[in-house]
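Shown next: run_33.csv, containing CSV, C-alpha atoms.
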chain,number,residue,atom,x,y,z
A,223,MET,CA,-15.8,0.6,-21.0
A,224,VAL,CA,-19.4,0.9,-19.8
A,225,TYR,CA,-21.6,4.0,-20.4
A,226,LEU,CA,-24.8,4.5,-18.3
A,227,GLY,CA,-27.7,6.6,-19.4
A,228,ILE,CA,-30.7,7.5,-17.3
A,229,ASP,CA,-33.9,9.3,-18.3
A,230,ALA,CA,-35.1,10.3,-14.9
A,231,GLY,CA,-38.9,10.2,-14.2
A,232,PHE,CA,-41.1,11.2,-11.3
A,233,SER,CA,-44.5,9.6,-11.9
A,234,LEU,CA,-45.8,7.6,-9.0
A,235,LYS,CA,-47.4,4.9,-11.1
A,236,ALA,CA,-46.3,5.1,-14.8
A,237,ARG,CA,-43.2,3.5,-16.2
A,238,SER,CA,-41.7,6.8,-17.1
A,239,ALA,CA,-38.0,6.3,-16.4
A,240,GLY,CA,-35.4,4.9,-18.8
A,241,VAL,CA,-32.1,3.1,-18.2
A,242,CYS,CA,-29.5,2.2,-20.8
A,243,VAL,CA,-26.1,0.5,-20.6
A,244,ILE,CA,-23.7,0.6,-23.5
A,245,ASP,CA,-20.9,-1.9,-22.9
A,246,LEU,CA,-17.8,-1.9,-25.1
A,247,SER,CA,-15.9,-4.3,-22.9
A,248,HIS,CA,-16.5,-7.5,-24.8
A,249,GLY,CA,-17.5,-6.6,-28.4
A,250,ILE,CA,-20.5,-4.3,-27.9
A,251,SER,CA,-23.9,-4.6,-26.2
A,252,VAL,CA,-26.8,-2.3,-25.5
A,253,GLU,CA,-29.4,-3.0,-22.9
A,254,ALA,CA,-32.2,-0.7,-22.2
A,255,SER,CA,-35.5,-0.7,-20.2
A,256,HIS,CA,-38.2,1.5,-18.9
A,257,VAL,CA,-39.4,1.3,-15.4
A,258,ARG,CA,-41.4,3.1,-12.7
A,259,PRO,CA,-39.2,5.9,-11.2
A,260,SER,CA,-39.2,4.1,-7.8
A,261,GLU,CA,-37.6,1.2,-9.5
A,262,THR,CA,-34.8,3.1,-11.2
A,263,MET,CA,-31.9,2.4,-8.9
A,264,PHE,CA,-32.9,-1.3,-8.7
A,265,GLU,CA,-32.9,-1.4,-12.5
A,266,ILE,CA,-29.5,0.4,-12.7
A,267,ARG,CA,-27.9,-2.1,-10.4
A,268,ARG,CA,-29.5,-5.1,-12.2
A,269,MET,CA,-28.3,-3.9,-15.6
A,270,LEU,CA,-24.8,-3.0,-14.4
A,271,ARG,CA,-24.4,-6.5,-12.8
A,272,GLY,CA,-21.4,-5.3,-10.8
A,273,ARG,CA,-19.7,-3.4,-13.6
A,274,ILE,CA,-18.4,0.1,-12.9
A,275,PRO,CA,-19.5,2.7,-15.4
A,276,THR,CA,-16.9,4.8,-17.2
A,277,ALA,CA,-19.3,7.8,-17.4
A,278,ILE,CA,-22.9,8.5,-16.6
A,279,GLY,CA,-25.4,10.8,-18.3
A,280,ILE,CA,-28.7,11.8,-16.7
A,281,ASP,CA,-31.6,13.7,-18.2
A,282,GLY,CA,-32.6,16.0,-15.4
A,283,ALA,CA,-31.3,19.2,-13.8
A,284,LEU,CA,-28.0,18.6,-11.9
A,285,VAL,CA,-26.6,21.4,-9.7
A,286,ARG,CA,-23.4,21.4,-7.6
A,287,LYS,CA,-22.8,23.9,-4.8
A,288,ASP,CA,-19.5,24.8,-6.5
A,289,ALA,CA,-17.1,23.4,-9.1
A,290,SER,CA,-15.3,21.2,-6.6
A,291,ALA,CA,-18.3,19.7,-4.9
A,292,ALA,CA,-18.6,16.0,-5.0
A,293,ASN,CA,-22.4,15.8,-4.6
A,294,PHE,CA,-25.4,17.5,-6.2
A,295,HIS,CA,-28.0,19.5,-4.4
A,296,TYR,CA,-31.6,20.4,-4.9
A,297,ARG,CA,-31.9,24.1,-5.8
A,298,PRO,CA,-34.8,24.9,-8.2
A,299,GLY,CA,-34.3,28.0,-10.3
A,300,TYR,CA,-34.0,29.2,-13.9
A,301,ARG,CA,-30.4,28.2,-14.7
A,302,GLU,CA,-28.0,29.8,-17.2
A,303,CYS,CA,-27.9,26.6,-19.3
A,304,GLU,CA,-31.7,26.7,-19.6
A,305,ARG,CA,-31.6,30.4,-20.6
A,306,LEU,CA,-28.9,29.7,-23.2
A,307,LEU,CA,-31.0,26.9,-24.8
A,308,SER,CA,-34.1,29.1,-24.8
A,309,GLY,CA,-35.2,32.1,-26.8
A,310,GLY,CA,-34.7,32.9,-30.4
A,311,ILE,CA,-34.7,30.0,-32.8
A,312,LEU,CA,-34.1,27.4,-30.1
A,313,GLN,CA,-37.3,28.4,-28.2
A,314,SER,CA,-39.6,26.3,-30.4
A,315,ARG,CA,-37.1,23.6,-31.4
A,316,CYS,CA,-35.3,22.2,-28.4
A,317,LYS,CA,-35.9,24.5,-25.4
A,318,PRO,CA,-35.4,22.6,-22.0
A,319,GLY,CA,-38.1,22.7,-19.4
A,320,SER,CA,-37.3,25.1,-16.6
A,321,SER,CA,-36.1,23.5,-13.4
A,322,ASN,CA,-38.2,25.9,-11.3
A,323,SER,CA,-41.5,24.9,-13.0
A,324,PRO,CA,-43.8,22.4,-11.1
A,325,ARG,CA,-42.8,19.6,-13.4
A,326,GLY,CA,-39.2,20.8,-13.5
A,327,LYS,CA,-38.9,20.7,-9.8
A,328,LYS,CA,-40.0,17.1,-9.6
A,329,LEU,CA,-37.6,16.1,-12.4
A,330,HIS,CA,-34.8,18.0,-10.7
A,331,ALA,CA,-35.4,16.3,-7.4
A,332,ALA,CA,-35.5,12.8,-9.1
A,333,ALA,CA,-32.3,13.4,-11.0
A,334,THR,CA,-30.5,14.8,-8.0
A,335,THR,CA,-31.4,11.8,-5.9
A,336,ILE,CA,-30.2,9.4,-8.5
A,337,ALA,CA,-27.0,11.3,-9.2
A,338,ASN,CA,-26.1,11.5,-5.5
A,339,ILE,CA,-26.6,7.8,-4.9
A,340,LEU,CA,-24.4,7.0,-8.0
A,341,SER,CA,-21.7,9.5,-7.0
A,342,GLU,CA,-21.4,7.8,-3.6
A,343,GLU,CA,-21.3,4.3,-5.2
A,344,PHE,CA,-18.9,5.3,-8.0
A,345,THR,CA,-16.8,8.1,-6.5
A,346,SER,CA,-14.4,8.7,-9.4
A,347,VAL,CA,-17.0,8.4,-12.2
A,348,ARG,CA,-18.0,11.5,-14.1
A,349,ILE,CA,-21.7,12.3,-14.0
A,350,VAL,CA,-23.1,14.8,-16.5
A,351,GLU,CA,-26.4,16.3,-17.4
A,352,ALA,CA,-27.9,15.2,-20.7
A,353,PHE,CA,-30.9,16.5,-22.6
A,354,PRO,CA,-31.8,14.2,-25.5
A,355,ASN,CA,-34.1,16.6,-27.3
A,356,ALA,CA,-31.4,19.2,-27.5
A,357,PHE,CA,-28.7,16.7,-28.4
A,358,LEU,CA,-30.7,15.4,-31.3
A,359,GLY,CA,-32.4,18.7,-32.2
A,360,VAL,CA,-29.2,20.7,-32.8
A,361,LEU,CA,-28.1,18.0,-35.3
A,362,LEU,CA,-31.0,18.5,-37.6
A,363,PRO,CA,-30.9,20.8,-40.7
A,364,ASP,CA,-33.1,23.9,-40.7
A,365,SER,CA,-35.4,22.1,-43.2
A,366,ALA,CA,-36.4,19.6,-40.6
A,367,PHE,CA,-38.4,22.3,-38.9
A,368,GLY,CA,-40.5,23.3,-41.9
A,369,LYS,CA,-43.6,22.1,-40.1
A,370,LYS,CA,-44.4,22.7,-36.5
A,371,ILE,CA,-43.5,19.7,-34.3
A,372,LEU,CA,-45.7,19.1,-31.3
A,373,ARG,CA,-43.8,19.1,-28.0
A,374,ARG,CA,-45.0,15.6,-27.1
A,375,LYS,CA,-43.9,14.3,-30.5
A,376,LYS,CA,-40.4,15.9,-30.7
A,377,SER,CA,-38.4,13.1,-29.3
A,378,ASP,CA,-39.9,10.6,-31.8
A,379,VAL,CA,-39.6,13.0,-34.7
A,380,PHE,CA,-36.0,13.8,-33.8
A,381,TRP,CA,-35.1,10.2,-33.4
A,382,ASP,CA,-36.6,9.2,-36.8
A,383,TRP,CA,-34.8,12.1,-38.5
A,384,THR,CA,-31.4,11.3,-37.1
A,385,LEU,CA,-31.6,7.5,-37.2
A,386,ARG,CA,-33.7,6.8,-40.4
A,387,ARG,CA,-34.1,9.8,-42.5
A,388,SER,CA,-30.5,10.9,-42.5
A,389,GLU,CA,-27.0,9.7,-41.7
A,390,LEU,CA,-26.7,12.0,-38.6
A,391,MET,CA,-26.9,9.4,-35.9
A,392,ARG,CA,-24.5,7.2,-37.8
A,393,LEU,CA,-22.0,10.0,-38.2
A,394,VAL,CA,-22.1,11.0,-34.5
A,395,LEU,CA,-21.7,7.3,-33.4
A,396,GLU,CA,-18.8,6.9,-35.8
A,397,ASP,CA,-17.1,9.9,-34.2
A,398,LEU,CA,-17.7,8.8,-30.6
A,399,PHE,CA,-17.5,5.0,-31.1
A,400,PRO,CA,-15.3,4.6,-34.1
A,401,LYS,CA,-14.7,0.9,-33.7
A,402,GLN,CA,-18.3,0.0,-32.7
A,403,SER,CA,-20.5,2.5,-34.6
A,404,GLY,CA,-22.0,0.0,-37.0
A,405,PRO,CA,-23.3,-2.6,-34.5
A,406,LEU,CA,-24.2,0.3,-32.1
A,407,HIS,CA,-26.3,1.9,-34.8
A,408,CYS,CA,-28.1,-1.4,-35.5
A,409,LEU,CA,-28.8,-1.9,-31.8
A,410,ALA,CA,-30.2,1.6,-31.6
A,411,GLU,CA,-32.6,0.9,-34.4
A,412,ARG,CA,-34.2,-1.8,-32.2
A,413,LEU,CA,-35.2,0.6,-29.5
A,414,THR,CA,-38.9,1.5,-29.8
A,415,ASN,CA,-39.7,2.9,-26.4
A,416,HIS,CA,-39.5,6.7,-25.8
A,417,ASP,CA,-37.7,6.4,-22.4
A,418,GLU,CA,-35.3,3.8,-23.6
A,419,ARG,CA,-34.3,5.9,-26.6
A,420,ALA,CA,-33.8,8.9,-24.3
A,421,ALA,CA,-31.6,6.8,-22.0
A,422,PHE,CA,-29.6,5.7,-25.0
A,423,ILE,CA,-28.8,9.3,-25.9
A,424,CYS,CA,-27.9,10.0,-22.3
A,425,ALA,CA,-25.3,7.2,-22.5
A,426,VAL,CA,-24.0,8.5,-25.8
A,427,THR,CA,-23.8,12.0,-24.2
A,428,SER,CA,-21.7,10.5,-21.3
A,429,ARG,CA,-19.3,9.1,-23.9
A,430,GLY,CA,-18.9,12.5,-25.5
A,431,ALA,CA,-18.1,14.0,-22.1
A,432,GLU,CA,-15.5,11.3,-21.4
A,433,LEU,CA,-13.8,12.0,-24.8
A,434,ARG,CA,-14.1,15.8,-24.1
A,435,LYS,CA,-15.8,16.2,-27.4
A,436,ALA,CA,-19.2,17.4,-26.1
A,437,VAL,CA,-20.1,21.1,-26.3
A,438,SER,CA,-21.0,22.3,-22.9
A,439,VAL,CA,-23.8,24.9,-22.4
A,440,GLY,CA,-24.0,26.5,-19.0
A,441,ASN,CA,-21.8,27.3,-16.0
A,442,VAL,CA,-21.2,26.1,-12.4
A,443,GLU,CA,-25.0,26.0,-11.8
A,444,GLY,CA,-25.2,23.3,-14.3
A,445,SER,CA,-24.2,22.4,-17.8
A,446,ILE,CA,-26.2,20.6,-20.5
A,447,LEU,CA,-24.0,18.7,-22.9
A,448,LEU,CA,-24.6,18.7,-26.7
A,449,PRO,CA,-22.9,16.7,-29.5
A,450,PRO,CA,-19.4,17.4,-30.8
A,451,ARG,CA,-19.2,20.9,-32.3
A,452,LYS,CA,-18.7,19.7,-35.9
A,453,PHE,CA,-22.2,18.1,-35.9
A,454,ILE,CA,-24.1,21.0,-34.6
A,455,SER,CA,-26.1,22.6,-37.4
A,456,MET,CA,-25.4,26.2,-38.4
A,457,TRP,CA,-28.7,27.6,-37.3
A,458,ALA,CA,-28.1,26.2,-33.7
A,459,ALA,CA,-24.4,27.1,-33.7
A,460,GLY,CA,-25.1,30.7,-34.7
A,461,HIS,CA,-27.7,31.1,-32.0
A,462,LEU,CA,-25.4,29.7,-29.3
A,463,GLU,CA,-22.4,31.7,-30.4
A,464,SER,CA,-24.6,34.9,-30.2
A,465,LYS,CA,-25.2,34.0,-26.6
A,466,GLY,CA,-21.5,33.5,-25.8
A,467,VAL,CA,-21.3,29.7,-26.1
A,468,ARG,CA,-18.2,28.6,-28.0
A,469,VAL,CA,-19.2,26.3,-30.8
A,470,PHE,CA,-17.0,27.4,-33.8
A,471,SER,CA,-13.7,27.4,-31.9

So that I can check it, write out the structure of this file as structure tokens.
Amino acid sequence: MVYLGIDAGFSLKARSAGVCVIDLSHGISVEASHVRPSETMFEIRRMLRGRIPTAIGIDGALVRKDASAANFHYRPGYRECERLLSGGILQSRCKPGSSNSPRGKKLHAAATTIANILSEEFTSVRIVEAFPNAFLGVLLPDSAFGKKILRRKKSDVFWDWTLRRSELMRLVLEDLFPKQSGPLHCLAERLTNHDERAAFICAVTSRGAELRKAVSVGNVEGSILLPPRKFISMWAAGHLESKGVRVFS
């Protein structure tokens, strides 16, 4: 079983894209790297080395024309999944960027291109939309947000909270990877780059999708996947339930 995570990027020069492969086929291994966005597909193929992924998670807006469509298409707009993860208490904690903003359009285009290439190469593999900041953010207790967390620092703060300051990451990994959670947690601790960490969470998200344990937020326009419902903190679950997202049942 091989899980592929991709943190899409759009910079012309900076190494702003992340790729991670979690391989459970022979023991367990985690390989992650960060590259220029133009090198993303080359890096994916290099890291897969001919292996077929079991599931794929991509951080970037993914839109299908309809539920049965095989491919994704570029359609900037304020999607329902973005609305559901915005406003109220989520607004300042793990709100996604809008896919119709200037930056959002670029990220949407990059993610769509990658997803379509992969959907053609791996026709039966499920591809899902991940959002690492929300995945980690909804795990945290209310007390973690006592002080304002700057937007550019959120991913690092959330990572530190879940991996080092609590047992949250370990618990999620034990649930999704029951036989490999210990080594996987140790391997995650070695990741120091922001984009590689994000790609790791995208790969973990794809595992949650494959096991049908991930909470899905959205509709046919696009769904962002969160951790299994039992790990979502009450402050986040209550907000999502108030917007019609089933978390408690």

Which residues of segment 372-468 of chain A have any atom within 9 Å of an atom in segment 348-361 of chain A when counting only C-alpha atoms, and what is the closest pair of atoms for each, with the distance in Å to one decimal? Order the rows by chain and rising number and write it as CSV.
residue,atom,partner,partner_atom,distance
A:Lys376,CA,A:Asn355,CA,7.2
A:Ser377,CA,A:Asn355,CA,5.9
A:Phe380,CA,A:Leu358,CA,6.1
A:Trp381,CA,A:Leu358,CA,7.1
A:Trp383,CA,A:Leu358,CA,8.9
A:Thr384,CA,A:Leu358,CA,7.1
A:Leu390,CA,A:Leu361,CA,7.0
A:Met391,CA,A:Leu358,CA,8.5
A:Arg419,CA,A:Pro354,CA,8.7
A:Ala420,CA,A:Pro354,CA,5.8
A:Ala421,CA,A:Pro354,CA,8.2
A:Phe422,CA,A:Pro354,CA,8.8
A:Ile423,CA,A:Pro354,CA,5.8
A:Cys424,CA,A:Ala352,CA,5.4
A:Ala425,CA,A:Ala352,CA,8.6
A:Thr427,CA,A:Ala352,CA,6.3
A:Ser428,CA,A:Val350,CA,6.6
A:Ala431,CA,A:Val350,CA,7.5
A:Glu432,CA,A:Arg348,CA,7.7
A:Gly444,CA,A:Glu351,CA,7.7
A:Ser445,CA,A:Glu351,CA,6.5
A:Ile446,CA,A:Glu351,CA,5.3
A:Leu447,CA,A:Ala352,CA,5.7
A:Leu448,CA,A:Phe357,CA,4.9
A:Pro449,CA,A:Phe357,CA,5.9
A:Phe453,CA,A:Leu361,CA,5.9
A:Ile454,CA,A:Leu361,CA,5.0
A:Ser455,CA,A:Leu361,CA,5.4
A:Met456,CA,A:Val360,CA,8.7
A:Trp457,CA,A:Val360,CA,8.3
A:Ala458,CA,A:Val360,CA,5.7
A:Ala459,CA,A:Val360,CA,8.1

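Closest approach to Leu413 of chain A from the set A:Arg286, A:Lys327, A:His256, A:Lys235 is made by A:His256, with distances taken over only C-alpha atoms.
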
Query raised in the report: If we count only C-alpha atoms, what is near segment 395-399 of chain A at a cut-off of 9 Å, once residues fewer than 2 positions away on the same chain are taken out, given as JSON, numbers by chain?
Result: {"A": [390, 391, 392, 393, 401, 402, 403, 404, 406, 407, 426, 429, 430, 433, 435, 450]}

Report task. Can you work out the spacing between atom CA of Val224 of chain A and atom CA of Ser251 of chain A in Å, to one decimal? Result -> 9.6 Å

Query raised in the report: Taking (-38.8, 1.5, -15.2) in the file's coordinates, which residues come within 10 Å, counting only C-alpha atoms, written as a count of residues only?
Result: 24

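If all atoms listed in the file are the atoms counted, then among A:Leu306, A:Cys242, A:Leu409, A:Val469 the closest residue to Arg267 of chain A is A:Cys242.
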
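Contact shell of Gly326 of chain A at 12 Å (only C-alpha atoms; same-chain neighbours under 6 positions omitted): A:Ala230, A:Gly231, A:Phe232, A:Asp281, A:Gly282, A:Ala283, A:Leu284, A:Tyr296, A:Arg297, A:Pro298, A:Gly299, A:Tyr300, A:Arg301, A:Glu304, A:Pro318, A:Gly319, A:Ser320, A:Ala332, A:Ala333, A:Thr334.
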
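Here atom CA of Ala292 of chain A and atom CA of Thr345 of chain A stand 8.2 Å from one another.
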
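Pairwise distance (atom CA of Cys316 of chain A, atom CA of Val442 of chain A) equals 21.7 Å.
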
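Compared by their closest atoms to Lys375 of chain A, and using all atoms listed in the file, the residues A:Gly249, A:Arg315, A:Pro405, A:Gly310 rank with A:Arg315 nearest.
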
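Closest approach to Ala277 of chain A from the set A:His248, A:Lys328, A:Arg434, A:Lys370 is made by A:Arg434, with distances taken over only C-alpha atoms.
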
Query raised in the report: So, counting only C-alpha atoms, which residue among A:Glu342, A:Leu329, A:Lys317, A:Val467 is closest to Asn293 of chain A?
Result: A:Glu342

Query - Of the listed residues A:Met269, A:Val285, A:Leu385, A:Val243, that which approaches His330 of chain A most closely, counting all atoms listed in the file - result: A:Val285
